[in-house]
$ cat upload-v9.txt   # compact mmCIF, C-alpha atoms
# COMPACT_ATOMS: atom_id res chain seq x y z
CA MET M 19 3.60 -59.58 -42.06
CA ILE M 20 6.38 -60.76 -44.39
CA ARG M 21 9.97 -61.38 -43.27
CA ILE M 22 12.35 -62.26 -46.10
CA GLY M 23 15.96 -61.85 -47.13
CA LEU M 24 17.10 -59.05 -49.40
CA LEU M 25 17.94 -61.20 -52.43
CA THR M 26 14.59 -62.96 -52.28
CA LEU M 27 12.83 -59.63 -52.01
CA LEU M 28 14.49 -58.32 -55.15
CA LEU M 29 13.55 -61.42 -57.11
CA CYS M 30 9.96 -61.74 -55.96
CA PHE M 31 8.40 -58.33 -55.38
CA THR M 32 6.93 -55.79 -57.78
CA PHE M 33 4.59 -53.38 -56.07
CA GLY M 34 1.77 -51.43 -57.67
CA ALA M 35 1.35 -47.73 -56.94
CA ASN M 36 -1.72 -48.18 -54.74
CA ALA M 37 -0.27 -51.03 -52.73
CA GLN M 38 3.02 -49.19 -52.28
CA GLU M 39 1.25 -46.12 -50.95
CA GLU M 40 0.31 -47.97 -47.77
CA ARG M 41 3.15 -50.49 -47.58
CA LYS M 42 5.34 -50.22 -44.50
CA ILE M 43 8.93 -51.35 -45.09
CA LEU M 44 11.63 -51.64 -42.43
CA LEU M 45 15.35 -51.68 -43.24
CA LEU M 46 17.51 -53.01 -40.41
CA ASN M 47 21.24 -52.96 -39.65
CA GLY M 48 22.35 -50.74 -42.53
CA HIS M 49 25.41 -48.49 -42.43
CA LEU M 50 23.56 -45.24 -43.06
CA HIS M 51 25.21 -42.31 -44.85
CA ILE M 52 22.62 -39.63 -44.09
CA GLY M 53 23.94 -37.23 -46.77
CA ASN M 54 24.49 -34.25 -44.46
CA GLY M 55 27.93 -35.37 -43.30
CA ASN M 56 26.72 -37.70 -40.56
CA VAL M 57 26.69 -41.50 -40.32
CA LEU M 58 24.51 -43.87 -38.32
CA GLU M 59 25.84 -47.36 -37.75
CA ALA M 60 23.31 -50.21 -37.68
CA ALA M 61 20.45 -47.97 -38.75
CA PHE M 62 16.76 -48.75 -38.25
CA ILE M 63 14.94 -47.09 -41.21
CA GLY M 64 11.18 -47.28 -41.58
CA THR M 65 9.23 -46.11 -44.63
CA LYS M 66 5.51 -45.58 -45.05
CA GLY M 67 3.52 -44.03 -47.89
CA GLY M 68 6.68 -43.13 -49.81
CA LYS M 69 8.22 -41.23 -46.87
CA ILE M 70 10.87 -41.95 -44.26
CA SER M 71 8.75 -42.51 -41.15
CA VAL M 72 11.41 -43.37 -38.59
CA ILE M 73 15.20 -43.50 -38.21
CA ARG M 74 16.74 -45.05 -35.11
CA ASN M 75 19.68 -47.21 -34.04
CA SER M 76 18.93 -50.89 -34.69
CA LEU M 77 20.99 -51.91 -31.65
CA VAL M 78 18.72 -50.10 -29.19
CA GLN M 79 15.42 -49.76 -31.07
CA SER M 80 12.94 -52.56 -30.47
CA TYR M 81 10.07 -53.22 -32.86
CA TYR M 82 7.00 -55.36 -33.33
CA PRO M 83 7.16 -57.44 -36.53
CA GLU M 84 3.42 -57.17 -37.01
CA ASP M 85 3.80 -53.39 -37.44
CA TRP M 86 5.65 -53.86 -40.74
CA ASP M 87 4.63 -55.44 -44.03
CA THR M 88 8.21 -56.15 -45.07
CA ILE M 89 11.38 -56.37 -42.95
CA ILE M 90 14.77 -56.43 -44.65
CA ASP M 91 17.98 -57.15 -42.74
CA LEU M 92 20.80 -55.35 -44.60
CA ASN M 93 23.56 -57.04 -42.58
CA GLY M 94 25.85 -54.01 -42.54
CA GLN M 95 25.43 -52.95 -46.17
CA HIS M 96 25.72 -49.24 -46.97
CA VAL M 97 22.59 -47.08 -47.30
CA TYR M 98 22.75 -43.81 -49.25
CA PRO M 99 20.28 -41.11 -50.28
CA ALA M 100 19.76 -40.91 -54.04
CA PHE M 101 22.82 -39.62 -55.85
CA VAL M 102 21.95 -36.49 -57.82
CA ALA M 103 23.30 -35.67 -61.31
CA PRO M 104 22.95 -31.93 -62.07
CA ASN M 105 23.39 -30.34 -65.51
CA SER M 106 22.89 -33.48 -67.58
CA THR M 107 21.43 -34.53 -70.91
CA LEU M 108 20.54 -37.90 -69.39
CA GLY M 109 17.05 -38.76 -70.62
CA LEU M 110 17.35 -36.22 -73.44
CA THR M 111 19.58 -38.35 -75.66
CA GLU M 112 19.91 -42.06 -76.33
CA ILE M 113 22.71 -42.42 -78.90
CA ASP M 114 24.79 -39.27 -79.33
CA ALA M 115 25.87 -40.28 -82.82
CA VAL M 116 22.23 -40.59 -83.98
CA ARG M 117 20.72 -37.15 -84.41
CA ALA M 118 17.14 -38.39 -84.17
CA THR M 119 17.74 -39.48 -80.57
CA ARG M 120 19.17 -36.12 -79.45
CA ASP M 121 16.54 -33.78 -78.06
CA TYR M 122 18.46 -31.17 -76.06
CA ASP M 123 19.54 -28.43 -78.49
CA GLU M 124 17.22 -25.91 -80.18
CA VAL M 125 18.08 -23.41 -82.90
CA GLY M 126 18.43 -19.75 -81.92
CA LYS M 127 20.51 -17.77 -79.41
CA TYR M 128 17.98 -16.89 -76.70
CA ASN M 129 15.66 -19.75 -75.79
CA PRO M 130 14.71 -19.40 -72.10
CA HIS M 131 11.21 -20.68 -72.97
CA ILE M 132 12.46 -24.07 -74.25
CA ARG M 133 11.65 -26.68 -71.59
CA ALA M 134 13.77 -29.81 -71.26
CA GLN M 135 11.11 -31.37 -69.03
CA ILE M 136 8.78 -32.38 -71.87
CA ALA M 137 11.62 -34.03 -73.82
CA TYR M 138 12.65 -36.29 -70.94
CA ASN M 139 12.43 -39.98 -71.91
CA VAL M 140 11.67 -42.24 -68.96
CA GLU M 141 11.96 -45.32 -71.20
CA SER M 142 15.63 -44.65 -71.99
CA ASN M 143 17.86 -47.72 -71.74
CA VAL M 144 20.69 -45.40 -70.67
CA VAL M 145 18.67 -44.26 -67.66
CA SER M 146 18.39 -47.84 -66.38
CA THR M 147 22.18 -48.36 -66.54
CA VAL M 148 22.80 -45.17 -64.57
CA ARG M 149 20.15 -45.94 -61.95
CA THR M 150 21.88 -49.18 -61.00
CA ASN M 151 24.93 -47.21 -59.81
CA GLY M 152 22.84 -45.23 -57.34
CA VAL M 153 22.08 -42.13 -59.43
CA LEU M 154 18.32 -41.71 -59.03
CA ILE M 155 17.80 -37.98 -59.70
CA THR M 156 18.96 -35.84 -62.61
CA GLN M 157 18.60 -32.27 -63.79
CA ALA M 158 17.48 -32.55 -67.42
CA THR M 159 19.35 -29.65 -69.01
CA PRO M 160 19.22 -28.20 -72.55
CA ARG M 161 22.28 -27.19 -74.55
CA GLY M 162 23.20 -24.66 -77.25
CA GLY M 163 22.75 -20.93 -77.85
CA ASP M 164 23.46 -18.08 -75.45
CA ILE M 165 20.48 -19.08 -73.30
CA SER M 166 19.88 -22.79 -73.86
CA GLY M 167 16.52 -23.07 -72.18
CA THR M 168 14.97 -24.18 -68.90
CA SER M 169 15.95 -27.31 -66.99
CA SER M 170 13.81 -29.50 -64.73
CA VAL M 171 14.73 -31.89 -61.92
CA MET M 172 13.63 -35.43 -62.72
CA LEU M 173 13.55 -38.88 -61.16
CA LEU M 174 15.16 -41.74 -63.03
CA ASP M 175 11.82 -43.53 -62.86
CA GLY M 176 8.23 -42.89 -63.85
CA TRP M 177 5.49 -43.74 -66.32
CA ASN M 178 6.05 -40.50 -68.23
CA TRP M 179 7.82 -37.17 -67.88
CA GLU M 180 5.02 -35.75 -65.73
CA ASP M 181 5.32 -38.67 -63.32
CA ALA M 182 9.12 -38.34 -63.18
CA THR M 183 9.17 -34.60 -62.46
CA ILE M 184 10.40 -33.48 -59.05
CA ARG M 185 10.68 -29.77 -59.87
CA ASN M 186 9.65 -28.34 -63.19
CA ASN M 187 11.40 -25.34 -64.72
CA ASP M 188 13.91 -24.93 -61.89
CA GLY M 189 16.13 -22.48 -63.81
CA ILE M 190 17.42 -21.12 -67.08
CA HIS M 191 20.89 -21.89 -68.44
CA VAL M 192 23.13 -19.10 -69.71
CA ASN M 193 26.28 -19.89 -71.69
CA TRP M 194 28.46 -16.96 -70.72
CA PRO M 195 30.66 -15.69 -73.60
CA SER M 196 34.24 -16.95 -73.57
CA SER M 197 36.86 -14.37 -72.63
CA ILE M 198 39.74 -16.35 -74.15
CA ASP M 199 40.44 -17.15 -77.80
CA ASN M 200 41.80 -20.72 -78.03
CA SER M 201 41.81 -20.97 -81.82
CA GLU M 202 45.49 -20.22 -82.52
CA TRP M 203 48.13 -22.94 -82.23
CA GLU M 204 51.89 -22.86 -82.80
CA ASN M 205 54.18 -25.91 -82.67
CA GLY M 206 51.54 -27.85 -80.78
CA VAL M 207 51.08 -25.09 -78.19
CA ASN M 208 47.83 -23.20 -77.77
CA LYS M 209 48.56 -19.46 -78.09
CA LYS M 210 45.79 -18.23 -75.86
CA LYS M 211 44.80 -14.59 -76.06
CA ALA M 212 41.94 -12.34 -75.00
CA ASP M 213 38.84 -12.73 -77.15
CA GLY M 214 38.20 -9.42 -78.89
CA LYS M 215 34.48 -10.17 -79.19
CA TYR M 216 33.99 -10.79 -75.49
CA GLU M 217 32.80 -7.34 -74.45
CA LEU M 218 30.39 -7.08 -77.37
CA GLU M 219 28.87 -10.51 -76.65
CA LYS M 220 28.61 -9.68 -72.96
CA GLU M 221 26.79 -6.44 -73.74
CA GLU M 222 24.29 -8.34 -75.92
CA LEU M 223 23.54 -10.58 -72.97
CA VAL M 224 23.19 -7.58 -70.66
CA SER M 225 20.78 -5.97 -73.14
CA PHE M 226 18.62 -9.09 -73.24
CA PHE M 227 18.42 -9.22 -69.44
CA GLN M 228 17.60 -5.50 -69.29
CA MET M 229 14.77 -6.07 -71.73
CA ALA M 230 13.57 -9.07 -69.74
CA LEU M 231 13.70 -7.12 -66.47
CA ALA M 232 11.68 -4.26 -67.96
CA TYR M 233 9.14 -6.79 -69.20
CA ALA M 234 8.98 -8.43 -65.75
CA GLU M 235 8.38 -5.09 -64.03
CA SER M 236 5.58 -4.12 -66.41
CA ASN M 237 2.00 -5.32 -66.06
CA ASP M 238 1.02 -4.23 -69.55
CA HIS M 239 1.73 -7.00 -72.09
CA PRO M 240 -0.81 -6.70 -74.91
CA ILE M 241 1.24 -9.19 -76.93
CA PRO M 242 2.97 -11.67 -74.59
CA ASP M 243 6.54 -12.66 -75.49
CA VAL M 244 7.16 -16.32 -74.59
CA ARG M 245 10.91 -15.74 -74.23
CA LEU M 246 10.48 -12.87 -71.80
CA GLU M 247 7.64 -14.60 -69.95
CA ALA M 248 10.09 -17.42 -69.18
CA MET M 249 12.49 -14.89 -67.62
CA ILE M 250 10.05 -13.31 -65.14
CA ASP M 251 10.56 -15.87 -62.36
CA CYS M 252 14.35 -15.39 -62.54
CA PHE M 253 13.91 -11.85 -61.21
CA LYS M 254 11.30 -12.94 -58.66
CA GLY M 255 13.62 -15.56 -57.18
CA LYS M 256 11.46 -18.50 -58.24
CA LYS M 257 13.97 -19.73 -60.83
CA ARG M 258 17.70 -20.24 -60.66
CA VAL M 259 19.99 -18.69 -63.25
CA TYR M 260 22.75 -21.16 -64.13
CA PHE M 261 25.80 -19.49 -65.67
CA HIS M 262 28.04 -21.90 -67.58
CA ALA M 263 31.58 -20.54 -67.30
CA ASP M 264 35.10 -21.60 -66.33
CA GLU M 265 37.47 -18.67 -66.90
CA LEU M 266 38.47 -16.21 -64.20
CA ARG M 267 37.31 -13.13 -66.08
CA GLN M 268 33.98 -14.75 -66.80
CA LEU M 269 33.44 -15.61 -63.15
CA ASN M 270 34.26 -12.10 -61.94
CA ASP M 271 31.86 -10.61 -64.49
CA ILE M 272 29.10 -13.05 -63.52
CA ILE M 273 29.38 -11.95 -59.89
CA GLU M 274 28.94 -8.32 -60.97
CA PHE M 275 26.16 -9.24 -63.42
CA SER M 276 24.22 -11.11 -60.71
CA ALA M 277 24.49 -8.12 -58.38
CA GLN M 278 23.46 -5.71 -61.15
CA PHE M 279 20.22 -7.59 -61.83
CA LYS M 280 19.69 -8.57 -58.17
CA LEU M 281 19.42 -12.25 -59.04
CA LYS M 282 18.46 -14.21 -55.93
CA PHE M 283 19.72 -17.62 -57.06
CA PRO M 284 22.69 -17.41 -59.44
CA VAL M 285 24.73 -20.61 -59.86
CA ILE M 286 28.10 -21.16 -61.57
CA VAL M 287 28.24 -24.31 -63.72
CA GLY M 288 31.77 -25.50 -64.53
CA GLY M 289 33.76 -23.03 -62.45
CA TYR M 290 37.24 -24.33 -63.24
CA ASP M 291 38.91 -21.12 -62.00
CA SER M 292 36.48 -20.64 -59.10
CA TYR M 293 39.08 -21.63 -56.50
CA LYS M 294 41.03 -18.46 -57.38
CA ILE M 295 38.17 -16.23 -56.18
CA ALA M 296 36.61 -18.47 -53.55
CA TYR M 297 36.28 -15.58 -51.12
CA LYS M 298 34.27 -13.52 -53.64
CA LEU M 299 31.94 -16.41 -54.42
CA LYS M 300 31.46 -17.09 -50.74
CA ASP M 301 30.65 -13.44 -50.00
CA ALA M 302 28.24 -13.33 -52.98
CA GLU M 303 26.68 -16.65 -51.86
CA ILE M 304 27.02 -18.12 -55.34
CA PRO M 305 27.36 -21.93 -55.37
CA VAL M 306 29.33 -23.87 -57.97
CA MET M 307 28.46 -27.01 -59.91
CA LEU M 308 32.00 -28.18 -60.60
CA GLY M 309 32.81 -29.64 -64.00
CA ARG M 310 33.86 -33.24 -64.61
CA LEU M 311 36.76 -34.08 -62.31
CA HIS M 312 38.04 -36.85 -64.55
CA SER M 313 39.48 -34.36 -67.03
CA LEU M 314 42.81 -32.88 -68.02
CA PRO M 315 43.73 -29.39 -66.75
CA LEU M 316 42.46 -26.54 -68.95
CA ASN M 317 45.76 -24.66 -68.84
CA ASP M 318 49.22 -25.97 -69.78
CA GLU M 319 50.75 -24.51 -66.63
CA ASP M 320 48.26 -26.12 -64.23
CA PRO M 321 49.23 -29.14 -62.08
CA ILE M 322 48.03 -32.39 -63.63
CA ASP M 323 45.93 -33.18 -60.55
CA LEU M 324 44.24 -29.77 -60.27
CA PRO M 325 40.82 -31.00 -61.49
CA TYR M 326 40.89 -33.68 -58.78
CA ARG M 327 41.72 -31.12 -56.06
CA LEU M 328 39.11 -28.51 -56.98
CA PRO M 329 36.49 -29.83 -54.50
CA SER M 330 38.90 -29.63 -51.56
CA LEU M 331 40.04 -26.16 -52.65
CA LEU M 332 36.46 -24.87 -52.74
CA LYS M 333 35.72 -26.59 -49.44
CA ALA M 334 38.68 -24.80 -47.88
CA GLY M 335 37.43 -21.51 -49.35
CA GLY M 336 33.95 -21.95 -47.87
CA VAL M 337 32.19 -22.15 -51.25
CA GLU M 338 29.09 -24.31 -51.57
CA PHE M 339 29.64 -26.76 -54.42
CA CYS M 340 28.49 -30.01 -55.95
CA LEU M 341 29.73 -32.27 -58.75
CA GLN M 342 28.35 -32.68 -62.26
CA ASN M 343 29.41 -34.63 -65.31
CA ALA M 344 28.85 -32.52 -68.45
CA GLY M 345 31.11 -33.41 -71.37
CA ASP M 346 31.63 -36.10 -73.97
CA MET M 347 29.13 -38.98 -73.73
CA GLU M 348 27.75 -37.39 -70.58
CA ALA M 349 24.44 -39.28 -70.51
CA MET M 350 25.94 -42.76 -70.25
CA ASN M 351 28.93 -41.51 -68.25
CA THR M 352 26.61 -40.22 -65.55
CA ARG M 353 27.02 -43.66 -64.02
CA ASN M 354 30.56 -42.54 -63.08
CA LEU M 355 29.36 -39.65 -60.92
CA PRO M 356 29.87 -41.63 -57.67
CA PHE M 357 33.43 -42.39 -58.69
CA GLN M 358 34.15 -38.72 -59.31
CA ALA M 359 33.09 -38.15 -55.72
CA GLY M 360 35.48 -40.96 -54.80
CA THR M 361 38.27 -39.10 -56.60
CA ALA M 362 37.40 -35.94 -54.63
CA MET M 363 37.63 -38.06 -51.48
CA ALA M 364 41.09 -39.30 -52.50
CA TYR M 365 42.22 -35.70 -53.06
CA GLY M 366 41.18 -33.96 -49.87
CA LEU M 367 37.52 -34.48 -48.96
CA SER M 368 36.37 -36.80 -46.21
CA GLU M 369 34.12 -39.68 -47.23
CA GLU M 370 30.97 -37.99 -45.93
CA GLU M 371 31.91 -34.66 -47.54
CA ALA M 372 32.28 -36.52 -50.84
CA VAL M 373 28.87 -38.16 -50.38
CA ARG M 374 27.36 -34.79 -49.52
CA CYS M 375 28.53 -33.15 -52.75
CA ILE M 376 26.44 -35.59 -54.82
CA THR M 377 23.43 -35.74 -52.48
CA GLN M 378 22.47 -32.90 -50.16
CA THR M 379 24.38 -30.06 -51.84
CA PRO M 380 23.05 -30.48 -55.41
CA ALA M 381 19.56 -30.94 -53.96
CA LYS M 382 19.94 -27.69 -52.03
CA ILE M 383 21.34 -25.78 -55.02
CA MET M 384 18.40 -26.90 -57.19
CA GLY M 385 15.82 -26.25 -54.48
CA ILE M 386 14.63 -29.82 -53.79
CA ASP M 387 16.35 -30.34 -50.43
CA GLN M 388 13.08 -30.23 -48.47
CA GLU M 389 12.21 -33.64 -49.91
CA TYR M 390 15.43 -35.14 -51.29
CA GLY M 391 19.18 -35.14 -50.72
CA THR M 392 19.32 -36.70 -47.26
CA ILE M 393 17.75 -39.65 -45.46
CA GLU M 394 15.78 -38.00 -42.68
CA GLU M 395 12.34 -38.45 -41.16
CA GLY M 396 9.59 -36.85 -43.23
CA LYS M 397 11.59 -36.81 -46.47
CA SER M 398 11.03 -38.93 -49.55
CA ALA M 399 12.09 -42.55 -49.21
CA THR M 400 14.38 -42.32 -52.25
CA LEU M 401 17.54 -44.24 -51.47
CA PHE M 402 19.67 -47.23 -52.39
CA VAL M 403 21.74 -49.91 -50.72
CA SER M 404 25.23 -51.01 -51.81
CA LYS M 405 27.26 -53.97 -50.62
CA GLY M 406 30.23 -51.67 -50.06
CA ASN M 407 31.37 -48.07 -50.44
CA ALA M 408 29.35 -46.69 -53.36
CA LEU M 409 32.10 -44.16 -54.22
CA ASP M 410 34.47 -46.99 -55.16
CA MET M 411 33.85 -48.78 -58.46
CA ARG M 412 35.11 -52.03 -56.91
CA THR M 413 32.52 -52.05 -54.16
CA ASN M 414 29.58 -50.13 -55.68
CA GLN M 415 27.26 -53.12 -55.98
CA VAL M 416 23.68 -51.95 -55.64
CA THR M 417 21.35 -54.51 -54.08
CA LEU M 418 18.26 -52.38 -53.38
CA ILE M 419 16.77 -49.27 -54.97
CA MET M 420 13.82 -47.38 -53.53
CA VAL M 421 12.18 -44.40 -55.26
CA ASN M 422 9.52 -42.57 -53.29
CA GLY M 423 9.06 -45.69 -51.19
CA GLU M 424 8.71 -48.03 -54.17
CA LEU M 425 11.20 -50.85 -54.62
CA MET M 426 12.81 -50.82 -58.05
CA GLU M 427 14.56 -53.33 -60.29
CA THR M 428 18.34 -53.46 -59.70
CA ASP M 429 19.10 -55.12 -63.04
CA ASN M 430 19.62 -53.63 -66.51
CA PHE M 431 20.14 -54.84 -70.05
CA GLN M 432 23.93 -54.57 -69.84
CA MET M 433 23.93 -56.96 -66.90
CA GLU M 434 21.67 -59.30 -68.85
CA LEU M 435 24.08 -59.28 -71.79
CA TYR M 436 27.01 -59.90 -69.46
CA ARG M 437 25.35 -62.96 -67.97
CA LYS M 438 24.26 -64.20 -71.39
CA TYR M 439 27.73 -64.20 -72.92
CA LYS M 440 29.48 -65.26 -69.72
CA ASN M 441 27.31 -68.36 -69.58
CA LYS M 442 27.93 -68.99 -73.26
CA TYR M 443 31.71 -68.86 -73.03
CA ASP M 444 31.85 -70.60 -69.66
CA LYS M 445 29.94 -73.47 -71.28
CA GLN M 446 32.28 -73.56 -74.26
CA ALA M 447 35.34 -73.52 -71.97
CA SER M 448 34.04 -76.50 -70.02
CA GLU M 449 33.45 -78.63 -73.11

$ encode --input "upload-v9.txt" --output "structure tokens"
Amino acid sequence: MIRIGLLTLLLCFTFGANAQEERKILLLNGHLHIGNGNVLEAAFIGTKGGKISVIRNSLVQSYYPEDWDTIIDLNGQHVYPAFVAPNSTLGLTEIDAVRATRDYDEVGKYNPHIRAQIAYNVESNVVSTVRTNGVLITQATPRGGDISGTSSVMLLDGWNWEDATIRNNDGIHVNWPSSIDNSEWENGVNKKKADGKYELEKEELVSFFQMALAYAESNDHPIPDVRLEAMIDCFKGKKRVYFHADELRQLNDIIEFSAQFKLKFPVIVGGYDSYKIAYKLKDAEIPVMLGRLHSLPLNDEDPIDLPYRLPSLLKAGGVEFCLQNAGDMEAMNTRNLPFQAGTAMAYGLSEEEAVRCITQTPAKIMGIDQEYGTIEEGKSATLFVSKGNALDMRTNQVTLIMVNGELMETDNFQMELYRKYKNKYDKQASE
């Protein structure tokens, strides 16, 4: 039996896969954010074989030290389930300005067969900087075209993309045609108008889905079509269909489209205007992956703080939603996902509701909530510990990371560079 402090543990232990499989680790006296809206003060969390084996209250739960290989006293630090980053190119790009490092956009309009999973780079330096802010799961998502391709849910750790995969081919991504033409400007003002090509582009998409549905319903495929093969599980309810759209007309049409094709798991990605039809989305049981909160309003007439208030507006409307971070420099900016949840907390959500929208809810939307998203007995021991509130950039200081029961490094190359040059200039200042 080993009993050591947290800092010593992080400096001294690297566990192999076989040893970790049987290792029994006990975390004591942590302020546990379960991820489902509930909190447990002074939590007693035991892990074994990569799973959460027991959760109790440390103040009333006794234990025998010899039953555990490692015991870590957290001294009131905050424990969270892995933060989840949906709809992201994290792991698919390293330097956005260098084309050779971008592996998320294929040529062509309809590419449901393109799989982001096999392009996921577990050795990415960007991944390590994001992981140390508590984001341990991402949805590797392709870009471009009318149907970008198929995403997969990945861990921010692994020997290779197979090892990092949580759920392969979880859904296809449809870029719904824009209903508004933003190309005309006058005296610095955008003269928005209806896009005359919208109906034609929508009908093309409808035609493709009709063809895919007919293919899915037929058992006679003498010459298989890889594009249409990739669509079959969408109609069987085994794949999500993620519709990327923000405008009100788009959202209304997507609701009708989903009903027309009897899609079991449609999801809105972006959903800027979703609060205007919250009741329709709730009735249709269509969840929303809200766009980046740290953005300016899309419309000149909107309140400046509308993006910040969207989570509370959807919560009030009964719509299931989570947060995502698509946009400029999204891979490296994924580290800011916890702070977007903090902004949602400042503009109407409770702290645990804010935690939930980057843990349990995205896991549920992507279909991995049986194993991830909350810290509960029987689920994967994928969690992290922060000295303070992880939704606040001032107190998000990660001291422990655990992925499937394996303790991970909490350092990254940016921290190394910081220490290197801090020591250099501190030395010069003292001379």

$ atom_distance --input "upload-v9.txt" --atom1 "CA of Ile198 (chain M)" --atom2 "CA of Cys375 (chain M)"
29.4 Å

$ residues_near_point --input "upload-v9.txt" --point "(15.4, -48.9, -74.9)" --cutoff "12 Å" --atoms "only C-alpha atoms" --output "JSON list (two decimals) with C-alpha atoms, in the frame of the given file"
[["chain", "number", "residue", "atom", "x", "y", "z"],
["M", 109, "GLY", "CA", 17.05, -38.76, -70.62],
["M", 111, "THR", "CA", 19.58, -38.35, -75.66],
["M", 112, "GLU", "CA", 19.91, -42.06, -76.33],
["M", 113, "ILE", "CA", 22.71, -42.42, -78.90],
["M", 119, "THR", "CA", 17.74, -39.48, -80.57],
["M", 139, "ASN", "CA", 12.43, -39.98, -71.91],
["M", 140, "VAL", "CA", 11.67, -42.24, -68.96],
["M", 141, "GLU", "CA", 11.96, -45.32, -71.20],
["M", 142, "SER", "CA", 15.63, -44.65, -71.99],
["M", 143, "ASN", "CA", 17.86, -47.72, -71.74],
["M", 144, "VAL", "CA", 20.69, -45.40, -70.67],
["M", 145, "VAL", "CA", 18.67, -44.26, -67.66],
["M", 146, "SER", "CA", 18.39, -47.84, -66.38],
["M", 147, "THR", "CA", 22.18, -48.36, -66.54],
["M", 430, "ASN", "CA", 19.62, -53.63, -66.51],
["M", 431, "PHE", "CA", 20.14, -54.84, -70.05],
["M", 432, "GLN", "CA", 23.93, -54.57, -69.84]]

$ residues_around --input "upload-v9.txt" --residues "region 65-81 of chain M" --least-positions-apart "5" --cutoff "12 Å" --atoms "only C-alpha atoms" --output "PyMOL selection string"
chain M and resi 35-50+52+57-60+86-94+99+389-390+392-401+420-425

$ atom_distance --input "upload-v9.txt" --atom1 "CA of Gln358 (chain M)" --atom2 "CA of Arg374 (chain M)"
12.5 Å

$ closest_atom_pairs --input "upload-v9.txt" --of "region 194-304 of chain M" --to "region 333-337 of chain M" --cutoff "10 Å" --atoms "only C-alpha atoms" --output "CSV"
residue,atom,partner,partner_atom,distance
M:Ser292,CA,M:Val337,CA,9.1
M:Tyr293,CA,M:Gly335,CA,7.3
M:Lys294,CA,M:Gly335,CA,9.3
M:Ile295,CA,M:Gly335,CA,8.7
M:Ala296,CA,M:Gly335,CA,5.2
M:Tyr297,CA,M:Gly335,CA,6.3
M:Lys298,CA,M:Val337,CA,9.2
M:Leu299,CA,M:Val337,CA,6.6
M:Lys300,CA,M:Val337,CA,5.1
M:Asp301,CA,M:Val337,CA,8.9
M:Ala302,CA,M:Val337,CA,9.8
M:Glu303,CA,M:Val337,CA,7.8
M:Ile304,CA,M:Val337,CA,7.7

$ atom_distance --input "upload-v9.txt" --atom1 "CA of Gln342 (chain M)" --atom2 "CA of Gln378 (chain M)"
13.5 Å

$ closest_residue --input "upload-v9.txt" --among "M:Leu266, M:Met307, M:Leu281, M:Ala158" --to "Ala134 (chain M)" --atoms "all atoms listed in the file"
M:Ala158

$ residues_around --input "upload-v9.txt" --residues "Glu370 (chain M)" --least-positions-apart "5" --cutoff "8 Å" --atoms "all atoms listed in the file" --output "number ranges by chain"
M: 51, 53-57

$ residues_around --input "upload-v9.txt" --residues "Glu348 (chain M)" --least-positions-apart "4" --cutoff "10 Å" --atoms "all atoms listed in the file" --output "PyMOL selection string"
chain M and resi 105-108+111+114+310+342-344+352-354

$ closest_residue --input "upload-v9.txt" --among "M:Lys440, M:Lys257, M:Arg161, M:Lys382" --to "Pro305 (chain M)" --atoms "all atoms listed in the file"
M:Lys382
